[in-house]
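Q: File run16.cif follows (mmCIF, C-alpha atoms):
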data_work
#
loop_
_atom_site.label_atom_id
_atom_site.label_comp_id
_atom_site.auth_asym_id
_atom_site.auth_seq_id
_atom_site.Cartn_x
_atom_site.Cartn_y
_atom_site.Cartn_z
CA MET N 1 -22.77 17.39 18.92
CA PRO N 2 -23.42 13.63 18.73
CA THR N 3 -20.50 11.22 18.75
CA ARG N 4 -20.37 9.12 15.58
CA ILE N 5 -19.38 5.54 16.34
CA LEU N 6 -18.50 2.94 13.70
CA PRO N 7 -18.58 -0.70 14.94
CA ALA N 8 -16.35 -3.22 13.15
CA VAL N 9 -17.76 -6.61 14.09
CA GLY N 10 -17.70 -9.71 11.92
CA ASP N 11 -20.25 -11.86 13.76
CA ALA N 12 -23.87 -10.81 13.06
CA ASP N 13 -25.13 -11.56 16.59
CA ALA N 14 -22.23 -9.72 18.19
CA ALA N 15 -22.77 -6.79 15.82
CA ARG N 16 -26.41 -6.47 16.88
CA SER N 17 -25.45 -6.62 20.54
CA VAL N 18 -22.72 -3.98 20.19
CA THR N 19 -24.88 -1.66 18.07
CA THR N 20 -27.84 -1.91 20.46
CA LEU N 21 -25.72 -0.98 23.46
CA LEU N 22 -23.96 1.84 21.60
CA SER N 23 -27.31 3.33 20.61
CA GLN N 24 -28.20 3.64 24.30
CA LEU N 25 -25.19 5.81 25.08
CA PRO N 26 -25.88 9.54 25.60
CA ASP N 27 -25.22 11.70 22.51
CA ALA N 28 -24.12 8.60 20.57
CA GLU N 29 -24.80 8.15 16.87
CA PRO N 30 -23.78 4.60 15.88
CA VAL N 31 -23.65 3.96 12.15
CA ALA N 32 -24.19 0.70 10.29
CA PRO N 33 -21.47 -1.78 11.32
CA VAL N 34 -18.81 -3.04 8.92
CA VAL N 35 -18.16 -6.76 8.81
CA ASP N 36 -14.44 -7.07 8.07
CA SER N 37 -11.14 -5.19 8.03
CA THR N 38 -11.27 -4.40 4.32
CA GLN N 39 -14.71 -2.83 4.57
CA LEU N 40 -13.62 -0.76 7.57
CA VAL N 41 -10.57 0.70 5.84
CA ASP N 42 -12.48 1.32 2.61
CA THR N 43 -15.30 3.08 4.49
CA LEU N 44 -12.89 5.32 6.38
CA ALA N 45 -10.96 6.11 3.20
CA ARG N 46 -14.15 7.10 1.39
CA LEU N 47 -15.22 9.39 4.23
CA ALA N 48 -11.75 10.91 4.63
CA ALA N 49 -11.64 11.68 0.88
CA GLU N 50 -14.59 14.01 1.46
CA SER N 51 -13.26 15.63 4.64
CA VAL N 52 -11.63 14.71 7.94
CA ASP N 53 -14.82 16.02 9.57
CA GLU N 54 -16.79 13.24 7.87
CA LEU N 55 -14.89 10.55 9.75
CA PRO N 56 -16.47 8.97 12.84
CA GLU N 57 -14.94 10.07 16.10
CA VAL N 58 -14.80 6.50 17.42
CA VAL N 59 -14.31 3.08 15.82
CA VAL N 60 -15.09 0.01 17.92
CA VAL N 61 -13.12 -3.04 16.75
CA HIS N 62 -14.18 -6.51 17.87
CA GLU N 63 -11.31 -8.87 18.67
CA ARG N 64 -12.50 -11.47 16.12
CA ILE N 65 -12.62 -9.11 13.14
CA GLY N 66 -10.82 -10.42 10.05
CA PRO N 67 -9.14 -11.16 7.76
CA VAL N 68 -6.52 -8.74 9.13
CA PRO N 69 -5.97 -9.41 12.86
CA ALA N 70 -7.52 -6.85 15.19
CA LEU N 71 -4.25 -5.37 16.45
CA GLU N 72 -2.81 -5.00 12.95
CA LEU N 73 -6.06 -3.40 11.81
CA ILE N 74 -5.90 -0.94 14.69
CA ARG N 75 -2.35 0.00 13.72
CA GLU N 76 -3.39 0.64 10.10
CA VAL N 77 -6.36 2.77 11.14
CA ALA N 78 -4.22 4.75 13.58
CA LEU N 79 -1.61 5.45 10.89
CA ARG N 80 -3.97 6.27 8.03
CA PHE N 81 -6.71 8.07 9.98
CA PRO N 82 -5.08 9.75 12.97
CA ALA N 83 -8.23 11.72 13.79
CA VAL N 84 -10.15 8.51 14.59
CA GLY N 85 -10.02 6.97 18.06
CA VAL N 86 -10.11 3.16 18.16
CA ILE N 87 -11.50 1.03 20.99
CA LEU N 88 -10.74 -2.70 21.11
CA VAL N 89 -13.50 -4.97 22.44
CA THR N 90 -12.03 -8.19 23.83
CA SER N 91 -12.75 -11.12 26.11
CA ASP N 92 -9.17 -10.95 27.44
CA PRO N 93 -8.70 -7.48 28.95
CA GLY N 94 -5.47 -8.34 30.73
CA PRO N 95 -2.49 -5.97 31.12
CA GLY N 96 -0.53 -7.70 28.34
CA LEU N 97 -3.21 -7.18 25.71
CA PHE N 98 -3.92 -3.69 27.03
CA GLN N 99 -0.28 -2.72 26.50
CA ALA N 100 -0.19 -4.33 23.05
CA ALA N 101 -3.38 -2.51 22.02
CA MET N 102 -1.94 0.83 23.15
CA ASP N 103 1.31 0.11 21.30
CA HIS N 104 -0.69 -0.52 18.12
CA GLY N 105 -2.54 2.79 18.43
CA ALA N 106 -5.76 1.96 20.26
CA ARG N 107 -7.18 4.63 22.55
CA GLY N 108 -9.01 2.24 24.81
CA LEU N 109 -9.95 -1.34 25.63
CA VAL N 110 -13.35 -2.64 26.78
CA ALA N 111 -14.03 -6.12 28.17
CA LEU N 112 -16.62 -8.62 26.96
CA PRO N 113 -19.39 -9.03 27.87
CA LEU N 114 -19.98 -5.32 27.41
CA ASN N 115 -20.83 -3.22 30.43
CA TYR N 116 -22.83 -0.04 29.83
CA GLU N 117 -20.93 2.15 32.31
CA GLU N 118 -17.51 1.02 31.14
CA LEU N 119 -18.41 1.44 27.47
CA ALA N 120 -19.97 4.87 28.02
CA SER N 121 -16.92 6.10 29.93
CA ARG N 122 -14.46 4.83 27.33
CA VAL N 123 -16.42 6.15 24.32
CA HIS N 124 -16.73 9.57 25.95
CA ALA N 125 -12.99 9.79 26.66
CA VAL N 126 -11.99 8.62 23.17
CA ALA N 127 -14.46 10.99 21.51
CA GLN N 128 -12.97 13.93 23.41
CA TRP N 129 -9.50 12.85 22.33
CA SER N 130 -10.63 12.64 18.70
CA VAL N 131 -12.11 16.14 18.78
CA GLY N 132 -8.84 17.48 20.18
CA VAL N 133 -6.82 15.77 17.45
CA ARG N 134 -9.04 17.31 14.77
CA ARG N 135 -8.40 20.76 16.18
CA HIS N 136 -4.69 19.95 16.00
CA LEU N 137 -5.03 18.82 12.37
CA GLY N 138 -6.71 22.08 11.58
CA SER N 139 -3.70 23.97 12.97
CA GLY N 140 -1.33 22.19 10.60
CA GLY N 141 0.50 20.04 13.10
CA ASP N 142 3.21 17.62 12.09
CA VAL N 143 0.98 14.55 11.73
CA PHE N 144 -0.09 12.25 8.95
CA THR N 145 -3.27 13.40 7.22
CA GLY N 146 -5.47 12.28 4.38
CA ALA N 147 -7.12 9.09 3.31
CA GLY N 148 -3.87 7.59 2.13
CA GLY N 149 -2.17 7.20 -1.20
CA THR N 150 -2.29 4.42 -3.76
CA VAL N 151 -0.07 1.42 -3.03
CA VAL N 152 1.15 -0.73 -5.93
CA THR N 153 3.28 -3.83 -5.38
CA VAL N 154 5.42 -5.31 -8.15
CA SER N 155 6.44 -8.95 -7.79
CA GLY N 156 8.32 -11.24 -10.16
CA ALA N 157 7.07 -14.63 -11.32
CA LYS N 158 10.73 -15.64 -10.99
CA GLY N 159 14.04 -13.84 -10.82
CA GLY N 160 15.14 -11.80 -13.81
CA VAL N 161 11.74 -11.08 -15.37
CA GLY N 162 12.06 -7.31 -14.93
CA ALA N 163 10.09 -6.55 -11.77
CA SER N 164 12.56 -3.96 -10.47
CA LEU N 165 12.74 -2.08 -13.76
CA THR N 166 8.95 -2.10 -13.93
CA ALA N 167 8.64 -0.73 -10.39
CA ILE N 168 11.19 2.01 -11.06
CA GLN N 169 9.57 3.22 -14.26
CA LEU N 170 6.08 3.19 -12.77
CA ALA N 171 7.32 5.33 -9.89
CA LEU N 172 9.15 7.70 -12.23
CA ALA N 173 6.02 8.14 -14.34
CA ALA N 174 3.88 8.94 -11.30
CA GLN N 175 6.45 11.40 -9.93
CA ALA N 176 6.90 13.11 -13.30
CA SER N 177 3.15 13.67 -13.57
CA GLY N 178 3.19 15.70 -10.36
CA ARG N 179 2.22 13.08 -7.78
CA PRO N 180 4.54 12.79 -4.74
CA THR N 181 5.82 9.23 -5.02
CA ALA N 182 7.76 6.80 -2.85
CA LEU N 183 9.62 3.81 -4.28
CA VAL N 184 10.30 1.00 -1.80
CA ASP N 185 12.70 -1.91 -2.24
CA MET N 186 11.06 -4.74 -0.29
CA ASP N 187 13.27 -7.34 -1.95
CA LEU N 188 15.07 -7.39 1.36
CA GLN N 189 18.02 -9.67 0.67
CA THR N 190 18.72 -9.12 -3.02
CA GLY N 191 17.15 -5.75 -3.77
CA ASP N 192 19.04 -3.70 -6.37
CA ILE N 193 17.02 -0.52 -6.86
CA ALA N 194 19.93 1.43 -5.37
CA SER N 195 22.21 0.00 -8.06
CA TYR N 196 19.73 0.78 -10.83
CA LEU N 197 19.47 4.40 -9.69
CA ASP N 198 23.16 4.98 -8.83
CA VAL N 199 22.45 5.67 -5.17
CA GLN N 200 24.80 5.56 -2.19
CA PHE N 201 22.73 5.39 0.99
CA ARG N 202 23.08 5.02 4.75
CA ARG N 203 19.56 4.24 5.96
CA SER N 204 17.21 1.52 4.75
CA VAL N 205 13.83 -0.01 5.38
CA ALA N 206 15.42 -2.11 8.13
CA ASP N 207 16.04 1.04 10.18
CA LEU N 208 12.26 1.49 10.53
CA ALA N 209 11.59 -2.12 11.52
CA THR N 210 11.84 -1.62 15.29
CA ILE N 211 10.18 1.80 15.49
CA THR N 212 6.65 1.57 16.87
CA ASP N 213 5.63 5.14 16.05
CA ILE N 214 6.81 6.25 12.59
CA SER N 215 6.26 10.00 12.57
CA PRO N 216 6.73 12.08 9.40
CA ARG N 217 10.08 13.25 10.73
CA VAL N 218 11.29 9.69 11.42
CA LEU N 219 10.17 8.63 7.95
CA ALA N 220 11.89 11.59 6.32
CA ASP N 221 15.15 10.58 8.01
CA ALA N 222 14.93 7.08 6.54
CA VAL N 223 14.09 7.89 2.92
CA PHE N 224 16.61 8.99 0.30
CA ARG N 225 15.56 11.89 -1.91
CA HIS N 226 16.60 11.08 -5.46
CA ASP N 227 17.44 13.64 -8.13
CA THR N 228 14.21 12.72 -9.92
CA GLY N 229 12.17 13.72 -6.87
CA LEU N 230 11.41 10.14 -5.88
CA ALA N 231 11.51 9.28 -2.20
CA LEU N 232 13.48 6.03 -1.97
CA LEU N 233 13.22 3.57 0.91
CA LEU N 234 15.85 1.01 0.03
CA ALA N 235 16.65 -2.57 0.96
CA PRO N 236 19.46 -2.94 3.51
CA GLY N 237 22.97 -3.21 2.14
CA GLU N 238 23.53 -6.21 4.43
CA GLY N 239 21.03 -8.84 3.32
CA GLU N 240 20.82 -10.50 6.71
CA ARG N 241 19.25 -7.31 8.12
CA GLY N 242 16.24 -8.02 5.96
CA GLU N 243 15.12 -10.52 8.59
CA ASP N 244 14.44 -7.57 10.92
CA VAL N 245 11.56 -6.46 8.71
CA THR N 246 8.68 -8.63 9.90
CA ASP N 247 5.19 -8.65 8.45
CA ARG N 248 4.07 -6.44 11.33
CA ALA N 249 6.86 -3.94 10.64
CA ALA N 250 6.02 -3.99 6.92
CA ARG N 251 2.38 -3.15 7.64
CA GLN N 252 3.42 -0.21 9.77
CA ILE N 253 5.93 1.04 7.18
CA VAL N 254 3.50 0.75 4.28
CA GLY N 255 0.80 2.47 6.31
CA ALA N 256 3.13 5.35 7.13
CA LEU N 257 4.21 5.73 3.50
CA ARG N 258 0.71 5.68 2.05
CA SER N 259 -0.27 8.39 4.55
CA ARG N 260 2.59 10.58 3.33
CA TYR N 261 2.70 10.03 -0.45
CA GLU N 262 0.09 9.99 -3.19
CA VAL N 263 1.69 6.95 -4.82
CA VAL N 264 3.75 4.18 -3.18
CA VAL N 265 5.38 1.63 -5.49
CA ILE N 266 6.90 -1.42 -3.78
CA ASP N 267 9.32 -3.85 -5.44
CA CYS N 268 8.67 -7.18 -3.69
CA GLY N 269 11.10 -9.25 -5.77
CA ALA N 270 10.47 -12.88 -6.67
CA GLN N 271 10.81 -14.49 -3.21
CA LEU N 272 7.80 -14.18 -0.90
CA GLY N 273 8.60 -13.44 2.73
CA GLY N 274 6.44 -12.15 5.55
CA ALA N 275 7.12 -8.49 4.75
CA GLY N 276 6.41 -8.91 1.04
CA ALA N 277 3.24 -10.87 1.76
CA ALA N 278 1.98 -8.10 4.05
CA ALA N 279 2.70 -5.49 1.37
CA VAL N 280 0.88 -7.47 -1.33
CA GLU N 281 -2.09 -7.95 0.98
CA MET N 282 -2.30 -4.21 1.74
CA ALA N 283 -1.80 -3.06 -1.87
CA ASP N 284 -4.50 -1.37 -3.88
CA THR N 285 -2.98 -3.00 -6.97
CA ALA N 286 -0.76 -6.10 -6.97
CA LEU N 287 1.26 -6.64 -10.15
CA LEU N 288 2.96 -9.90 -11.04
CA VAL N 289 5.55 -9.55 -13.80
CA THR N 290 6.24 -12.46 -16.12
CA THR N 291 7.92 -13.08 -19.43
CA PRO N 292 6.12 -15.06 -22.18
CA ASP N 293 7.99 -18.32 -21.70
CA VAL N 294 6.96 -21.62 -20.14
CA VAL N 295 9.19 -21.41 -17.04
CA ALA N 296 8.12 -17.87 -16.11
CA VAL N 297 4.43 -18.48 -16.74
CA ARG N 298 4.56 -21.62 -14.58
CA GLY N 299 6.20 -19.49 -11.91
CA ALA N 300 3.40 -16.94 -12.21
CA LYS N 301 0.79 -19.66 -11.83
CA ARG N 302 2.57 -21.03 -8.74
CA ALA N 303 2.75 -17.57 -7.19
CA VAL N 304 -0.93 -16.86 -7.82
CA ARG N 305 -1.97 -20.19 -6.29
CA MET N 306 0.27 -19.65 -3.28
CA TRP N 307 -1.12 -16.15 -2.67
CA ASP N 308 -4.61 -17.62 -2.81
CA ARG N 309 -3.79 -20.51 -0.44
CA LEU N 310 -2.21 -18.12 2.07
CA GLN N 311 -5.18 -15.75 1.70
CA ILE N 312 -2.87 -12.95 0.65
CA ARG N 313 -4.51 -12.16 -2.67
CA LYS N 314 -7.12 -13.77 -4.89
CA ALA N 315 -6.23 -14.50 -8.50
CA GLU N 316 -8.88 -12.14 -9.83
CA GLU N 317 -7.40 -9.35 -7.66
CA THR N 318 -3.95 -9.77 -9.23
CA THR N 319 -2.77 -8.16 -12.47
CA VAL N 320 -0.12 -9.85 -14.58
CA VAL N 321 2.24 -7.66 -16.62
CA VAL N 322 3.81 -9.35 -19.64
CA ASN N 323 7.40 -8.21 -20.16
CA ARG N 324 9.63 -8.89 -23.20
CA HIS N 325 6.58 -9.48 -25.37
CA THR N 326 6.84 -10.19 -29.08
CA ARG N 327 4.14 -11.04 -31.56
CA ALA N 328 6.09 -14.09 -32.69
CA THR N 329 6.00 -15.93 -29.37
CA GLU N 330 3.50 -18.73 -28.94
CA ILE N 331 2.59 -17.60 -25.43
CA GLN N 332 0.46 -14.47 -25.76
CA PRO N 333 -1.20 -12.42 -22.96
CA ALA N 334 -4.62 -14.02 -23.53
CA LEU N 335 -3.14 -17.47 -22.91
CA ILE N 336 -1.35 -16.27 -19.77
CA GLN N 337 -4.65 -14.92 -18.50
CA ARG N 338 -6.33 -18.28 -18.97
CA ILE N 339 -3.46 -20.16 -17.33
CA THR N 340 -3.16 -17.93 -14.26
CA GLY N 341 -6.79 -16.90 -13.83
CA THR N 342 -5.67 -13.32 -13.23
CA LEU N 343 -6.25 -10.03 -14.94
CA VAL N 344 -3.62 -9.17 -17.56
CA ALA N 345 -2.57 -5.59 -18.19
CA ALA N 346 -3.61 -4.28 -21.60
CA THR N 347 -0.13 -2.80 -21.97
CA ALA N 348 2.55 -5.39 -22.77
CA VAL N 349 6.20 -4.37 -22.52
CA PRO N 350 8.15 -5.14 -25.71
CA ALA N 351 11.35 -7.17 -25.85
CA ASN N 352 14.14 -4.72 -26.64
CA PHE N 353 17.05 -5.10 -24.24
CA LYS N 354 19.37 -3.13 -26.51
CA GLU N 355 17.46 0.01 -25.57
CA LEU N 356 18.08 -0.71 -21.90
CA GLN N 357 21.61 -2.02 -21.83
CA GLY N 358 23.46 1.30 -21.66
CA ALA N 359 21.28 2.72 -18.88
CA VAL N 360 21.30 -0.55 -16.92
CA ASP N 361 25.09 -0.97 -17.18
CA ALA N 362 25.60 2.63 -16.05
CA GLY N 363 23.19 2.17 -13.16
CA ARG N 364 21.09 5.11 -14.32
CA VAL N 365 17.83 3.68 -15.62
CA HIS N 366 16.11 6.96 -14.70
CA GLU N 367 17.97 8.43 -17.69
CA LEU N 368 16.59 5.90 -20.13
CA ASP N 369 16.02 7.52 -23.53
CA SER N 370 12.45 8.73 -23.92
CA ARG N 371 12.34 7.23 -27.40
CA SER N 372 12.75 3.79 -25.88
CA THR N 373 9.75 1.62 -26.65
CA VAL N 374 10.26 -0.15 -23.32
CA LYS N 375 10.01 3.11 -21.39
CA GLN N 376 7.03 4.24 -23.41
CA ALA N 377 5.23 0.99 -22.66
CA LEU N 378 5.98 1.13 -18.92
CA TRP N 379 4.80 4.73 -18.69
CA ALA N 380 1.69 3.75 -20.63
CA LEU N 381 1.19 1.00 -18.05
CA ALA N 382 1.38 3.66 -15.32
CA GLY N 383 -1.42 5.48 -17.10
CA GLU N 384 -3.46 2.31 -17.41
CA LEU N 385 -3.12 1.78 -13.65
CA GLY N 386 -4.19 5.35 -12.89
CA LEU N 387 -0.86 6.31 -11.30
CA VAL N 388 -0.41 9.55 -13.25
CA LYS N 389 -2.24 12.84 -13.35
CA ALA N 390 -3.53 13.26 -16.88
CA ALA N 391 -3.80 17.02 -16.39
CA ALA N 392 -0.06 17.16 -15.76
CA ALA N 393 0.78 15.89 -19.23
CA ASP N 394 2.13 18.32 -21.79
CA ARG N 395 -0.43 17.79 -24.54
CA LYS N 396 1.61 19.53 -27.23
CA GLY N 397 4.70 17.46 -26.73
CA GLY N 398 3.02 14.25 -25.59
CA ARG N 399 5.26 14.31 -22.53
CA PHE N 400 4.97 14.78 -18.79
CA ARG N 401 6.14 18.02 -17.33
CA GLY N 402 9.21 17.36 -15.26
CA ASP N 403 10.46 14.58 -17.52
CA ARG N 404 12.94 15.56 -20.17
CA GLY N 405 11.45 14.14 -23.31
CA SER N 406 9.56 11.21 -21.86
CA ALA N 407 6.73 9.90 -23.97
CA GLY N 408 3.19 10.61 -22.85
CA ILE N 409 0.64 8.10 -21.73
CA ARG N 410 -1.02 6.15 -24.51
CA ARG N 411 -4.75 5.84 -23.98
CA ARG N 412 -6.60 2.62 -24.59
CA LYS N 413 -9.39 2.76 -27.16
CA ASP N 414 -11.95 1.74 -24.58
CA GLY N 415 -11.21 4.89 -22.57
CA GLY N 416 -9.24 3.17 -19.82
CA GLY N 417 -6.22 4.97 -18.32
#
Starting from the coordinates I provided, produce the structure as structure tokens.
A:
Amino acid sequence: MPTRILPAVGDADAARSVTTLLSQLPDAEPVAPVVDSTQLVDTLARLAAESVDELPEVVVVHERIGPVPALELIREVALRFPAVGVILVTSDPGPGLFQAAMDHGARGLVALPLNYEELASRVHAVAQWSVGVRRHLGSGGDVFTGAGGTVVTVSGAKGGVGASLTAIQLALAAQASGRPTALVDMDLQTGDIASYLDVQFRRSVADLATITDISPRVLADAVFRHDTGLALLLAPGEGERGEDVTDRAARQIVGALRSRYEVVVIDCGAQLGGAGAAAVEMADTALLVTTPDVVAVRGAKRAVRMWDRLQIRKAEETTVVVNRHTRATEIQPALIQRITGTLVAATAVPANFKELQGAVDAGRVHELDSRSTVKQALWALAGELGLVKAAAADRKGGRFRGDRGSAGIRRRKDGGG
């Protein structure tokens, strides 16, 4: 059986050179190269959605691939697609880089300029390893499987705009529709999801920061299983421990979660740190919550511009959610869209704090009355974002199974979620 090899090389000349040499290897079947990290992950996800057997046995990553650095890309591939063996091609094959590559999940390292014998030997060994892993996957071993779940980050244009409440209700809606869901508090110093959900916890996201190999068992030990079924990974109780969660650790944690849950909702708060930036960059959908007032909208515009400058997220790849919306306000969603240059969610969340006050004060927002217009809007937003299984809705009652009396998802007239 031929070995399928996927090169990930950004430079066109280097890509031709790598592909030509790979095609000369015995029993090798190189496929068209991908030019950046995003295309690589998307290609692997598409193939894995069909079957693990559709994945290439070997991925060859060039050291100058971008925008995600090569080692971080290797870690993400290793976590999300454990049946794929990754080889790093580098001009610096020293022991330090070799060790770092192995720590990040690579199965081999090949020096530049490429040598036929060395490349053939390494590809053969990695391909054999990949075949063995696939047999193990078929036997139901305790490993991550699947193409990975949907990751949604929720950030605030400034403090107090309702990002945490939005994240919680989106996660509850996804879980109630039958999709295994994790809710992560990445607001590392001031996160309050535990307070909103009346949770006493021992472990937090900081406990995973120094672990280089997050297995399903290690992850299960760190998450808190809430009464609603949500898997909670909470911010540390001691804010200073938030500094332990680096951008590299955040990438590993998010990768592990998306490989374990169908939906991962991450509350990033209003302050951008390295961990939050990594989460926003990795997200399938990045939400930015604002209220329709001048200060918050200016904050949203600043955040969007900063994400763009730091190459975290482009404006057109960001979705603004308008919270505390009223028809009387001068600042309407269409104006916010023009100011920020982002997409704006079709579902606006109405201003009605009286509905929330009792549940918020009690620290039990998961018990928010299903007749609440705020809850109905946030669950409708979950539907708009595609976070819920429509088939899981109770059509007669207009409610999700598993949620006691929660309103169903309102469909947009244009057919969107």
Q: Run through the PyMOL selection byres ((chain N and resi 191-205) around 7) on the given coordinates and return the selected residues as a list in words.
A: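 When the PyMOL selection byres ((chain N and resi 191-205) around 7) is applied, the selected residues are Ser164, Asp185, Asp187, Leu188, Gln189, Thr190, Ala206, Asp207, Leu208, Ala209, Ala222, Leu233, Leu234, Ala235, Pro236, Val360, Gly363, Arg364, Val365 and His366 of chain N.
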Q: Just want the 12 Å neighbourhood of Ala283 (chain N), counted on all atoms listed in the file, with same-chain residues fewer than 6 positions away dropped. Output as a VMD selection string.
A: chain N and resid 38 148 to 155 250 to 251 254 to 255 257 to 258 263 to 268 276 to 277 312 to 313 317 to 319
Q: Per residue of region 80-130 of chain N within 10 Å of region 52-57 of chain N, record the nearest atom pair and its distance in Å to one decimal, counting all atoms listed in the file, with rows in chain order and ascending residue number, as a tab-separated table.
A:
residue	atom	partner	partner_atom	distance
N:Phe81	CA	N:Val52	CA	8.5
N:Pro82	CA	N:Val52	CA	9.6
N:Ala83	CA	N:Glu57	CA	7.3
N:Val84	CA	N:Glu57	CA	5.3
N:Gly85	CA	N:Glu57	CA	6.1
N:Val86	CA	N:Glu57	CA	8.7
N:Val123	CA	N:Glu57	CA	9.2
N:Val126	CA	N:Glu57	CA	7.8
N:Ala127	CA	N:Glu57	CA	5.5
N:Gln128	CA	N:Glu57	CA	8.5
N:Trp129	CA	N:Glu57	CA	8.7
N:Ser130	CA	N:Glu57	CA	5.7
Q: Can you pull out the residues contacting Arg80 (chain N)? Cut-off 6 Å, using all atoms listed in the file, and skip same-chain residues under 2 positions away; I want them as a PyMOL selection string.
A: chain N and resi 77-78+259
Q: Would you put the residues from that selection into a file with C-alpha atoms, as a PDB file, in the frame of the given file?
A:
ATOM      1  CA  VAL N  77      -6.360   2.770  11.140  1.00  0.00           C
ATOM      2  CA  ALA N  78      -4.220   4.750  13.580  1.00  0.00           C
ATOM      3  CA  SER N 259      -0.270   8.390   4.550  1.00  0.00           C
TER       4      SER N 259
END
Q: Counting only C-alpha atoms, which of N:Pro333, N:Gly108, N:Val131, N:Lys158 gets nearest to Gln271 (chain N)?
A: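 That would be N:Lys158, the residue with the smallest distance to Gln271 (chain N).
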Q: Taking (-1.7, 1.8, -10.2) in the file's coordinates as the center, which residues reach within 7 Å of it, counting all atoms listed in the file, put as a ChimeraX atom specification?
A: /N:150,152,285,382,385-387
Q: Could you tell me how far CA of Asp103 (chain N) sits from CA of Glu117 (chain N), in Å to one decimal place?
A: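 CA of Glu117 (chain N) sits 24.9 Å away from CA of Asp103 (chain N).
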Q: Since I can't run it myself right now, could you work out what the PyMOL selection byres ((chain N and resi 302) around 12) selects here and report it as a PyMOL selection string?
A: chain N and resi 156-158+270-272+288+290+295-301+303-309+315+339-341
Q: For the file shown, report as a ChimeraX atom specification the outcome of the PyMOL selection byres ((chain N and resi 43) around 12) at residue level.
A: /N:6-8,31-42,44-50,54-56,59,77,81,147
Q: Could you work out how far CA of Gln311 (chain N) lies from CA of Val280 (chain N), giving the answer in Å with one decimal?
A: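 Distance between the two atoms: 10.7 Å.
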Q: Rounded to one decimal in Å, what is the spacing between CA of Lys389 (chain N) and CA of Ala351 (chain N)?
A: 27.2 Å
Q: Can you tell me, as a list in words, what residues are no more than 8 Å from Leu88 (chain N) when counting all atoms listed in the file, ignoring any on the same chain fewer than 5 positions away?
A: Val60, Val61, His62, Glu63, Ala70, Ala101, Ala106, Gly108, Leu109 and Val110 of chain N
Q: Can you tell me, as a PyMOL selection string, what residues are no more than 7 Å from Ala278 (chain N) when counting all atoms listed in the file, ignoring any on the same chain fewer than 3 positions away?
A: chain N and resi 247+250-251+274-275+281-282
Q: Residues within 12 Å of Leu25 (chain N), please, as a JSON list (two decimals) with C-alpha atoms, in the coordinates of the input. Count all atoms listed in the file; anything in the same chain fewer than 3 positions from it doesn't count.
A:
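Okay, this is what ended up in out_12.json:
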[["chain", "number", "residue", "atom", "x", "y", "z"],
["N", 2, "PRO", "CA", -23.42, 13.63, 18.73],
["N", 3, "THR", "CA", -20.50, 11.22, 18.75],
["N", 4, "ARG", "CA", -20.37, 9.12, 15.58],
["N", 5, "ILE", "CA", -19.38, 5.54, 16.34],
["N", 18, "VAL", "CA", -22.72, -3.98, 20.19],
["N", 19, "THR", "CA", -24.88, -1.66, 18.07],
["N", 20, "THR", "CA", -27.84, -1.91, 20.46],
["N", 21, "LEU", "CA", -25.72, -0.98, 23.46],
["N", 22, "LEU", "CA", -23.96, 1.84, 21.60],
["N", 28, "ALA", "CA", -24.12, 8.60, 20.57],
["N", 29, "GLU", "CA", -24.80, 8.15, 16.87],
["N", 30, "PRO", "CA", -23.78, 4.60, 15.88],
["N", 115, "ASN", "CA", -20.83, -3.22, 30.43],
["N", 116, "TYR", "CA", -22.83, -0.04, 29.83],
["N", 117, "GLU", "CA", -20.93, 2.15, 32.31],
["N", 118, "GLU", "CA", -17.51, 1.02, 31.14],
["N", 119, "LEU", "CA", -18.41, 1.44, 27.47],
["N", 120, "ALA", "CA", -19.97, 4.87, 28.02],
["N", 121, "SER", "CA", -16.92, 6.10, 29.93],
["N", 122, "ARG", "CA", -14.46, 4.83, 27.33],
["N", 123, "VAL", "CA", -16.42, 6.15, 24.32],
["N", 124, "HIS", "CA", -16.73, 9.57, 25.95]]
Q: Pick from N:Leu335, N:Val349, N:Val89, N:Ala171: nearest to Thr373 (chain N), with all atoms listed in the file counted?
A: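 Ranked by minimum distance to Thr373 (chain N), first place goes to N:Val349.
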Q: Calculated over only C-alpha atoms, which of the candidates N:Ser177, N:Ala359, N:Gly162, N:Val68 has the smallest distance to His325 (chain N)?
A: N:Gly162
Q: Nearest to Arg248 (chain N): which of N:Gln376, N:Thr210, N:Gln357, N:Gln175 is it, counting only C-alpha atoms?
A: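 When distances to Arg248 (chain N) are compared using only C-alpha atoms, the smallest one comes from N:Thr210.
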Q: Rank nothing, just name the residue among N:Leu287, N:Leu368, N:Val9, N:Val245 nearest to Lys354 (chain N), using all atoms listed in the file.
A: N:Leu368
Q: Distance cut-off 6 Å, centre (2.4, -7.0, -21.8) in file coordinates, counting all atoms listed in the file: which residues qualify? Return them as a list in words.
A: Val321, Val322, Asn323, Thr347, Ala348 and Val349 of chain N
Q: How would the residues just chosen look if you wrote them out with C-alpha atoms as a PDB file, in the coordinates of the input?
A:
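To be explicit, this is the file written out as selection.pdb:
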ATOM      1  CA  VAL N 321       2.240  -7.660 -16.620  1.00  0.00           C
ATOM      2  CA  VAL N 322       3.810  -9.350 -19.640  1.00  0.00           C
ATOM      3  CA  ASN N 323       7.400  -8.210 -20.160  1.00  0.00           C
ATOM      4  CA  THR N 347      -0.130  -2.800 -21.970  1.00  0.00           C
ATOM      5  CA  ALA N 348       2.550  -5.390 -22.770  1.00  0.00           C
ATOM      6  CA  VAL N 349       6.200  -4.370 -22.520  1.00  0.00           C
TER       7      VAL N 349
END
